[in-house]
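Student: File follows, my_file-v2.cif with mmCIF, C-alpha atoms:
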```
data_protein
loop_
_atom_site.group_PDB
_atom_site.id
_atom_site.type_symbol
_atom_site.label_atom_id
_atom_site.label_comp_id
_atom_site.auth_asym_id
_atom_site.auth_seq_id
_atom_site.Cartn_x
_atom_site.Cartn_y
_atom_site.Cartn_z
ATOM 1 C CA MET B 1 98.282 -126.337 -216.722
ATOM 2 C CA ARG B 2 94.916 -124.679 -217.174
ATOM 3 C CA MET B 3 95.616 -121.070 -218.095
ATOM 4 C CA ARG B 4 92.804 -118.554 -217.887
ATOM 5 C CA THR B 5 94.004 -115.579 -219.896
ATOM 6 C CA VAL B 6 92.073 -112.402 -219.266
ATOM 7 C CA LEU B 7 93.799 -110.128 -221.741
ATOM 8 C CA THR B 8 93.114 -111.165 -225.329
ATOM 9 C CA SER B 9 95.993 -111.995 -227.648
ATOM 10 C CA LEU B 10 97.276 -109.238 -229.862
ATOM 11 C CA ALA B 11 96.164 -111.211 -232.897
ATOM 12 C CA ALA B 12 92.577 -110.636 -231.839
ATOM 13 C CA VAL B 13 93.048 -106.916 -231.320
ATOM 14 C CA THR B 14 93.294 -104.407 -234.154
ATOM 15 C CA ALA B 15 96.647 -102.656 -234.174
ATOM 16 C CA LEU B 16 96.304 -99.071 -233.042
ATOM 17 C CA GLY B 17 98.633 -96.496 -234.562
ATOM 18 C CA GLY B 18 97.198 -93.938 -232.162
ATOM 19 C CA LEU B 19 94.599 -94.186 -229.443
ATOM 20 C CA ALA B 20 91.386 -92.520 -230.509
ATOM 21 C CA LEU B 21 89.330 -90.932 -227.764
ATOM 22 C CA VAL B 22 86.156 -92.939 -228.210
ATOM 23 C CA SER B 23 83.548 -92.645 -225.459
ATOM 24 C CA PRO B 24 82.311 -96.014 -224.135
ATOM 25 C CA THR B 25 78.615 -96.573 -223.682
ATOM 26 C CA ALA B 26 76.473 -98.433 -221.163
ATOM 27 C CA GLY B 27 72.903 -99.141 -222.101
ATOM 28 C CA GLY B 28 73.278 -96.798 -225.081
ATOM 29 C CA ALA B 29 74.255 -93.760 -222.977
ATOM 30 C CA THR B 30 77.618 -92.016 -223.232
ATOM 31 C CA LEU B 31 79.576 -92.389 -220.014
ATOM 32 C CA PRO B 32 80.744 -89.082 -218.508
ATOM 33 C CA PRO B 33 84.509 -89.041 -217.911
ATOM 34 C CA PRO B 34 85.397 -88.883 -214.184
ATOM 35 C CA SER B 35 87.353 -85.832 -213.080
ATOM 36 C CA ASP B 36 90.709 -87.528 -212.558
ATOM 37 C CA LYS B 37 90.630 -89.106 -216.005
ATOM 38 C CA ALA B 38 92.041 -85.785 -217.166
ATOM 39 C CA ALA B 39 95.442 -87.002 -215.958
ATOM 40 C CA PRO B 40 97.851 -88.000 -218.770
ATOM 41 C CA ALA B 41 97.242 -91.456 -220.162
ATOM 42 C CA VAL B 42 99.863 -94.112 -219.629
ATOM 43 C CA LYS B 43 101.307 -95.478 -222.843
ATOM 44 C CA ALA B 44 101.031 -99.217 -222.377
ATOM 45 C CA ASP B 45 103.580 -101.639 -223.796
ATOM 46 C CA ALA B 46 102.561 -103.198 -227.103
ATOM 47 C CA SER B 47 102.148 -106.541 -225.344
ATOM 48 C CA ILE B 48 99.355 -105.162 -223.191
ATOM 49 C CA MET B 49 97.676 -102.789 -225.654
ATOM 50 C CA ALA B 50 93.900 -102.979 -225.836
ATOM 51 C CA ASP B 51 91.196 -101.339 -227.961
ATOM 52 C CA PRO B 52 89.911 -98.230 -226.123
ATOM 53 C CA SER B 53 86.667 -98.231 -228.105
ATOM 54 C CA LYS B 54 85.480 -101.523 -226.577
ATOM 55 C CA ALA B 55 83.946 -102.331 -223.214
ATOM 56 C CA PRO B 56 86.306 -104.225 -220.855
ATOM 57 C CA GLY B 57 84.790 -107.503 -222.027
ATOM 58 C CA GLY B 58 85.982 -106.800 -225.556
ATOM 59 C CA ASN B 59 89.617 -106.620 -224.464
ATOM 60 C CA PHE B 60 89.654 -108.975 -221.489
ATOM 61 C CA ASP B 61 88.308 -112.500 -221.122
ATOM 62 C CA LEU B 62 85.786 -111.925 -218.341
ATOM 63 C CA GLY B 63 84.256 -115.386 -218.570
ATOM 64 C CA ILE B 64 85.911 -116.361 -215.269
ATOM 65 C CA TRP B 65 84.909 -113.275 -213.300
ATOM 66 C CA GLN B 66 81.904 -111.754 -211.556
ATOM 67 C CA LEU B 67 81.878 -108.031 -210.756
ATOM 68 C CA GLN B 68 80.784 -106.473 -207.473
ATOM 69 C CA GLU B 69 80.001 -102.741 -207.433
ATOM 70 C CA PRO B 70 79.526 -100.194 -204.612
ATOM 71 C CA VAL B 71 75.819 -99.743 -205.346
ATOM 72 C CA GLY B 72 72.657 -101.645 -204.453
ATOM 73 C CA SER B 73 70.831 -102.193 -201.171
ATOM 74 C CA PRO B 74 72.550 -101.689 -197.779
ATOM 75 C CA GLY B 75 74.591 -104.795 -197.042
ATOM 76 C CA SER B 76 73.862 -106.223 -200.501
ATOM 77 C CA PRO B 77 76.051 -104.726 -203.244
ATOM 78 C CA THR B 78 75.085 -105.221 -206.878
ATOM 79 C CA THR B 79 76.854 -108.056 -208.711
ATOM 80 C CA ILE B 80 77.235 -108.374 -212.473
ATOM 81 C CA SER B 81 77.463 -111.893 -213.904
ATOM 82 C CA SER B 82 80.186 -113.124 -216.257
ATOM 83 C CA SER B 83 77.690 -113.395 -219.093
ATOM 84 C CA ARG B 84 76.841 -109.693 -218.833
ATOM 85 C CA LEU B 85 80.497 -108.645 -218.666
ATOM 86 C CA GLN B 86 81.646 -110.430 -221.811
ATOM 87 C CA GLY B 87 82.034 -108.956 -225.287
ATOM 88 C CA ALA B 88 82.881 -105.639 -226.931
ATOM 89 C CA ASN B 89 79.460 -104.290 -225.949
ATOM 90 C CA GLY B 90 79.464 -105.858 -222.516
ATOM 91 C CA PHE B 91 78.562 -104.172 -219.262
ATOM 92 C CA GLN B 92 80.303 -100.984 -218.175
ATOM 93 C CA ASP B 93 79.344 -97.947 -216.140
ATOM 94 C CA SER B 94 81.002 -95.227 -214.073
ATOM 95 C CA TYR B 95 82.405 -97.792 -211.587
ATOM 96 C CA PHE B 96 83.794 -100.235 -214.182
ATOM 97 C CA TYR B 97 84.782 -99.095 -217.653
ATOM 98 C CA THR B 98 87.389 -98.908 -220.379
ATOM 99 C CA ASP B 99 89.733 -95.918 -220.248
ATOM 100 C CA THR B 100 89.079 -94.432 -223.688
ATOM 101 C CA ARG B 101 92.702 -93.391 -224.209
ATOM 102 C CA ASP B 102 94.627 -96.584 -223.508
ATOM 103 C CA GLY B 103 92.096 -99.420 -223.147
ATOM 104 C CA ALA B 104 92.712 -100.016 -219.447
ATOM 105 C CA MET B 105 90.012 -101.917 -217.542
ATOM 106 C CA THR B 106 89.284 -99.365 -214.833
ATOM 107 C CA PHE B 107 87.650 -99.742 -211.412
ATOM 108 C CA TRP B 108 86.300 -96.845 -209.315
ATOM 109 C CA ALA B 109 85.392 -97.257 -205.627
ATOM 110 C CA PRO B 110 84.304 -94.098 -203.755
ATOM 111 C CA GLU B 111 84.614 -93.684 -200.008
ATOM 112 C CA LYS B 112 80.815 -93.664 -199.725
ATOM 113 C CA GLY B 113 79.159 -96.703 -201.235
ATOM 114 C CA VAL B 114 77.244 -99.895 -200.550
ATOM 115 C CA THR B 115 79.373 -102.461 -198.712
ATOM 116 C CA THR B 116 79.114 -106.138 -197.849
ATOM 117 C CA PRO B 117 77.889 -107.037 -194.333
ATOM 118 C CA ASN B 118 81.444 -107.914 -193.255
ATOM 119 C CA SER B 119 83.176 -104.740 -194.477
ATOM 120 C CA ASN B 120 82.981 -100.987 -193.942
ATOM 121 C CA TYR B 121 84.603 -100.243 -197.289
ATOM 122 C CA ALA B 122 83.155 -99.975 -200.782
ATOM 123 C CA ARG B 123 84.612 -101.864 -203.710
ATOM 124 C CA SER B 124 84.500 -102.268 -207.469
ATOM 125 C CA GLU B 125 86.104 -105.681 -207.730
ATOM 126 C CA LEU B 126 86.161 -108.912 -209.721
ATOM 127 C CA ARG B 127 85.531 -112.240 -207.994
ATOM 128 C CA GLU B 128 86.931 -115.418 -209.593
ATOM 129 C CA MET B 129 84.367 -117.796 -211.095
ATOM 130 C CA ASN B 130 84.424 -121.073 -213.021
ATOM 131 C CA ARG B 131 83.568 -121.219 -216.723
ATOM 132 C CA SER B 132 80.359 -123.015 -215.768
ATOM 133 C CA GLY B 133 79.184 -119.971 -213.842
ATOM 134 C CA SER B 134 79.744 -121.492 -210.414
ATOM 135 C CA ALA B 135 81.946 -119.776 -207.850
ATOM 136 C CA ALA B 136 85.647 -120.698 -207.969
ATOM 137 C CA ASP B 137 86.647 -122.615 -204.836
ATOM 138 C CA TRP B 138 90.044 -124.276 -205.136
ATOM 139 C CA SER B 139 92.261 -126.205 -202.748
ATOM 140 C CA LEU B 140 95.574 -124.842 -201.421
ATOM 141 C CA ALA B 141 97.240 -127.938 -202.869
ATOM 142 C CA GLY B 142 98.869 -127.379 -206.253
ATOM 143 C CA THR B 143 100.018 -124.079 -207.741
ATOM 144 C CA HIS B 144 97.675 -121.114 -208.213
ATOM 145 C CA LYS B 145 98.619 -117.668 -209.561
ATOM 146 C CA LEU B 146 96.983 -114.312 -210.184
ATOM 147 C CA SER B 147 99.152 -111.938 -212.242
ATOM 148 C CA ALA B 148 98.383 -108.310 -213.079
ATOM 149 C CA THR B 149 99.803 -105.234 -214.746
ATOM 150 C CA LEU B 150 98.163 -102.096 -213.388
ATOM 151 C CA ARG B 151 98.435 -98.552 -212.129
ATOM 152 C CA VAL B 152 96.656 -96.783 -209.299
ATOM 153 C CA VAL B 153 95.252 -93.662 -210.948
ATOM 154 C CA SER B 154 94.172 -92.077 -207.671
ATOM 155 C CA VAL B 155 93.756 -93.108 -204.035
ATOM 156 C CA THR B 156 92.721 -91.212 -200.916
ATOM 157 C CA SER B 157 94.556 -93.396 -198.436
ATOM 158 C CA ASN B 158 94.818 -97.102 -199.191
ATOM 159 C CA VAL B 159 93.361 -99.580 -201.691
ATOM 160 C CA CYS B 160 93.456 -103.367 -202.016
ATOM 161 C CA VAL B 161 94.228 -104.347 -205.629
ATOM 162 C CA GLY B 162 94.384 -108.142 -205.289
ATOM 163 C CA GLN B 163 93.295 -110.861 -202.864
ATOM 164 C CA ILE B 164 93.228 -114.549 -202.171
ATOM 165 C CA HIS B 165 90.019 -115.000 -200.209
ATOM 166 C CA LEU B 166 88.766 -117.891 -198.102
ATOM 167 C CA GLY B 167 86.002 -119.914 -199.701
ATOM 168 C CA SER B 168 84.269 -123.015 -198.370
ATOM 169 C CA GLY B 169 85.567 -125.118 -195.498
ATOM 170 C CA GLY B 170 84.542 -123.091 -192.471
ATOM 171 C CA SER B 171 82.718 -120.019 -191.198
ATOM 172 C CA SER B 172 85.471 -117.412 -191.681
ATOM 173 C CA THR B 173 84.882 -114.552 -194.133
ATOM 174 C CA LYS B 174 88.521 -113.391 -193.993
ATOM 175 C CA PRO B 175 91.055 -113.274 -196.839
ATOM 176 C CA LEU B 176 94.170 -115.422 -196.879
ATOM 177 C CA LEU B 177 96.017 -112.344 -198.121
ATOM 178 C CA GLU B 178 95.434 -108.843 -199.450
ATOM 179 C CA LEU B 179 97.792 -106.722 -201.565
ATOM 180 C CA TYR B 180 97.504 -103.025 -200.675
ATOM 181 C CA TYR B 181 98.669 -99.851 -202.378
ATOM 182 C CA ARG B 182 98.961 -96.749 -200.202
ATOM 183 C CA SER B 183 98.841 -93.099 -201.207
ATOM 184 C CA ASN B 184 102.582 -92.675 -200.495
ATOM 185 C CA GLY B 185 103.337 -95.358 -203.095
ATOM 186 C CA ASP B 186 104.031 -98.196 -200.675
ATOM 187 C CA ILE B 187 102.949 -101.664 -201.816
ATOM 188 C CA ILE B 188 102.108 -103.812 -198.798
ATOM 189 C CA LEU B 189 101.148 -107.455 -198.497
ATOM 190 C CA GLY B 190 98.794 -108.300 -195.638
ATOM 191 C CA THR B 191 98.866 -111.975 -194.637
ATOM 192 C CA GLU B 192 96.135 -113.218 -192.326
ATOM 193 C CA ASN B 193 97.401 -114.836 -189.119
ATOM 194 C CA SER B 194 94.485 -117.261 -188.831
ATOM 195 C CA PRO B 195 90.943 -117.693 -190.194
ATOM 196 C CA SER B 196 89.662 -115.892 -187.096
ATOM 197 C CA GLY B 197 91.586 -112.718 -187.968
ATOM 198 C CA GLY B 198 94.683 -110.645 -187.342
ATOM 199 C CA GLN B 199 96.891 -109.486 -190.193
ATOM 200 C CA THR B 200 100.665 -109.116 -190.539
ATOM 201 C CA LEU B 201 101.860 -106.392 -192.940
ATOM 202 C CA HIS B 202 104.934 -106.682 -195.169
ATOM 203 C CA THR B 203 106.205 -103.723 -197.232
ATOM 204 C CA VAL B 204 107.220 -105.176 -200.599
ATOM 205 C CA GLY B 205 107.800 -102.165 -202.870
ATOM 206 C CA ASN B 206 107.112 -98.530 -203.689
ATOM 207 C CA VAL B 207 105.714 -97.094 -206.927
ATOM 208 C CA SER B 208 104.515 -93.534 -207.446
ATOM 209 C CA VAL B 209 100.795 -92.919 -207.968
ATOM 210 C CA GLY B 210 99.987 -93.144 -211.673
ATOM 211 C CA LYS B 211 102.963 -95.355 -212.549
ATOM 212 C CA THR B 212 102.487 -98.809 -214.054
ATOM 213 C CA TRP B 213 103.650 -101.860 -212.073
ATOM 214 C CA SER B 214 103.038 -105.589 -211.898
ATOM 215 C CA TYR B 215 102.341 -108.292 -209.353
ATOM 216 C CA THR B 216 101.812 -112.019 -209.090
ATOM 217 C CA ILE B 217 100.161 -113.432 -205.990
ATOM 218 C CA GLY B 218 99.756 -117.131 -205.517
ATOM 219 C CA VAL B 219 100.194 -120.235 -203.435
ATOM 220 C CA SER B 220 102.219 -123.383 -204.020
ATOM 221 C CA GLY B 221 102.634 -126.706 -202.273
ATOM 222 C CA GLY B 222 99.719 -126.072 -199.952
ATOM 223 C CA HIS B 223 101.638 -124.015 -197.389
ATOM 224 C CA THR B 224 103.520 -121.229 -199.199
ATOM 225 C CA ILE B 225 102.418 -117.792 -200.409
ATOM 226 C CA ASP B 226 104.451 -116.618 -203.419
ATOM 227 C CA LEU B 227 104.494 -112.886 -204.146
ATOM 228 C CA THR B 228 106.284 -111.148 -206.998
ATOM 229 C CA VAL B 229 106.223 -107.344 -207.348
ATOM 230 C CA ASN B 230 108.042 -105.849 -210.337
ATOM 231 C CA GLY B 231 110.184 -108.965 -210.652
ATOM 232 C CA SER B 232 111.153 -109.266 -206.980
ATOM 233 C CA THR B 233 109.828 -112.434 -205.300
ATOM 234 C CA THR B 234 109.220 -113.169 -201.621
ATOM 235 C CA HIS B 235 107.645 -116.171 -199.863
ATOM 236 C CA TYR B 236 105.495 -116.484 -196.733
ATOM 237 C CA SER B 237 104.284 -119.517 -194.807
ATOM 238 C CA ILE B 238 100.582 -120.348 -194.633
ATOM 239 C CA PRO B 239 99.509 -121.389 -191.108
ATOM 240 C CA SER B 240 98.017 -124.876 -190.878
ATOM 241 C CA SER B 241 94.764 -123.369 -189.539
ATOM 242 C CA PHE B 242 93.925 -122.499 -193.162
ATOM 243 C CA ASP B 243 94.178 -126.129 -194.332
ATOM 244 C CA PRO B 244 90.408 -126.834 -194.206
ATOM 245 C CA TYR B 245 89.603 -123.851 -196.431
ATOM 246 C CA LYS B 246 89.375 -123.539 -200.178
ATOM 247 C CA GLN B 247 90.193 -120.248 -201.897
ATOM 248 C CA TYR B 248 89.443 -117.857 -204.765
ATOM 249 C CA PHE B 249 91.064 -114.787 -206.325
ATOM 250 C CA LYS B 250 89.797 -111.194 -206.368
ATOM 251 C CA ALA B 251 91.162 -108.146 -208.198
ATOM 252 C CA GLY B 252 90.130 -104.523 -208.711
ATOM 253 C CA SER B 253 89.660 -101.515 -206.451
ATOM 254 C CA TYR B 254 88.691 -102.404 -202.881
ATOM 255 C CA ASN B 255 88.959 -99.004 -201.207
ATOM 256 C CA GLN B 256 90.271 -99.053 -197.618
ATOM 257 C CA SER B 257 88.872 -95.738 -196.368
ATOM 258 C CA SER B 258 85.335 -94.478 -195.833
ATOM 259 C CA SER B 259 83.591 -91.121 -195.447
ATOM 260 C CA ASP B 260 80.489 -89.335 -196.731
ATOM 261 C CA SER B 261 82.294 -88.416 -199.948
ATOM 262 C CA THR B 262 81.309 -89.838 -203.333
ATOM 263 C CA THR B 263 84.185 -88.049 -205.097
ATOM 264 C CA LYS B 264 87.090 -89.266 -202.948
ATOM 265 C CA GLY B 265 88.160 -92.871 -203.334
ATOM 266 C CA ALA B 266 90.397 -95.198 -205.338
ATOM 267 C CA ARG B 267 90.585 -95.603 -209.116
ATOM 268 C CA VAL B 268 92.665 -98.500 -210.435
ATOM 269 C CA ALA B 269 93.466 -99.296 -214.096
ATOM 270 C CA PHE B 270 94.421 -102.828 -215.215
ATOM 271 C CA TYR B 271 96.351 -103.535 -218.423
ATOM 272 C CA GLY B 272 96.715 -107.276 -217.924
ATOM 273 C CA LEU B 273 95.201 -109.953 -215.692
ATOM 274 C CA THR B 274 95.789 -113.719 -215.822
ATOM 275 C CA VAL B 275 94.850 -116.631 -213.596
ATOM 276 C CA SER B 276 96.424 -120.088 -213.692
ATOM 277 C CA HIS B 277 95.912 -123.322 -211.756
ATOM 278 C CA SER B 278 97.991 -126.489 -211.938
#
```
Could you write out this file's structure as C-alpha cells?
Tutor:
Amino acid sequence: MRMRTVLTSLAAVTALGGLALVSPTAGGATLPPPSDKAAPAVKADASIMADPSKAPGGNFDLGIWQLQEPVGSPGSPTTISSSRLQGANGFQDSYFYTDTRDGAMTFWAPEKGVTTPNSNYARSELREMNRSGSAADWSLAGTHKLSATLRVVSVTSNVCVGQIHLGSGGSSTKPLLELYYRSNGDIILGTENSPSGGQTLHTVGNVSVGKTWSYTIGVSGGHTIDLTVNGSTTHYSIPSSFDPYKQYFKAGSYNQSSSDSTTKGARVAFYGLTVSHS
C-alpha cells in the first residue's frame, strides 16, 4: 500500500505542554485573527496535536495537494502549488492558515468569492496531486481512501468537507460524491446518480457545530463507495456509467451558499488528513 500521510508523526513535532498563542505570518505580515476564532479552542487528542506556531505545511505533508482559494479573476480562482504550501514557513493567508491555539489546518470560504466556471459557490479547498506535481487521476479499480479528523467552526447553511471528483475519461465536471455538513449538525453524503448529474442524499450522522468528528470516504472493488463517519460504516453502489472516469480527492471548505457577504461563510478546521491507494 502507498500511504500518503498528511499529518506529520509526533516524533517530528515538538511536544507542547501548553499551546502558545503565536500569530502565523504570510509574506512577513501578521495575519489578523478572523472574528469567529474567538470561540474556545478544541483540545485535540495527543495523536493529532500539531505545532500552532507553524504554517499548515509545517504540520501537514502538503506535497500531494494543491490549494484553490476564493480569490482571483472571475471564473478563475487562484491556485497555490504544492511546492509553495510545504514547510513551516509555507503559504498561508486569511483563507488557509494554522489556528494559533491548537495547530488546526483551517479553511475559510465566504459566501462572496471567486468561483470556478461550473459552480456558484466559493471554496478554500485542497485538490489531490501526485508527488511529481501532476494532477492525481486514479482508476476506480483497487482501494482508495481519504480519512480526516475535523470540526466545522462555523457555517451559514451547508459546506462540503470532502469529495471524490471525476477526473479524465469524459466531459463531466461532476463529483462522484460529496460529504456535506449542515448548520443543524447533520452530516450528509451526496452520491451522484450519473456523470450527467442528479444527486441522492443520505443522512449519515449528526455532530454539533464546533465539535470534532472523523470521516473516511473511499471506493473499493471498482463499484462500491465506502463511508465511515465516527466509526459507523455504510456502503453505496457506484453506477456503471462512472466506469470510464478516473478520480481524485478533495478536502477543505467548499461553501454551499452564496450572497454578497464576505463575513458569512464556512470555516473548517482539520486535525488529520490521510490518503491511501492500493
Student: Can you pull out every residue within 6 Å of Val155 (chain B), counting only C-alpha atoms, but drop anything in the same chain fewer than 6 positions away, and send it as a PyMOL selection string?
Tutor: chain B and resi 183+265-266
Student: Any chance you could resolve the PyMOL selection byres ((chain B and resi 220) around 8) against this file and give the residues as a PyMOL selection string?
Tutor: chain B and resi 140-144+218-219+221-226
Student: If I take CA of Gly87 (chain B) and CA of Gly167 (chain B), how far is one from the other in Å, to one decimal?
Tutor: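 We find that CA of Gly87 (chain B) and CA of Gly167 (chain B) lie 28.1 Å from each other.
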Student: Can you turn the PyMOL selection byres ((chain B and resi 251) around 8) into a concrete residue list for this file, as an MDAnalysis selection string?
Tutor: chainID B and resid 125:127 161:163 249:250 252:253
Student: I'd like the interatomic distance between CA of Gly231 (chain B) and CA of Thr216 (chain B), to a tenth of an Å.
Tutor: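 Interatomic distance here is 9.0 Å.
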Student: For Thr191 (chain B), work out the shell of residues within 7 Å, counting all atoms listed in the file and skipping chain neighbours fewer than 5 positions away, then give it as a list in words.
Tutor: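 Here the qualifying residues turn out to be Leu176, Leu177, Glu178, Gln199, Thr200 and Leu201 of chain B.
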Student: Suppose you want the space between CA of Ser76 (chain B) and CA of Thr116 (chain B); what is it in Å?
Tutor: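 That distance, rounded to one decimal, is 5.9 Å.
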Student: Nearest to Ser214 (chain B): which of B:Tyr236, B:Tyr271, B:Tyr254, B:Tyr248 is it, counting all atoms listed in the file?
Tutor: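 Ranking B:Tyr236, B:Tyr271, B:Tyr254, B:Tyr248 by distance to Ser214 (chain B), first place goes to B:Tyr271.
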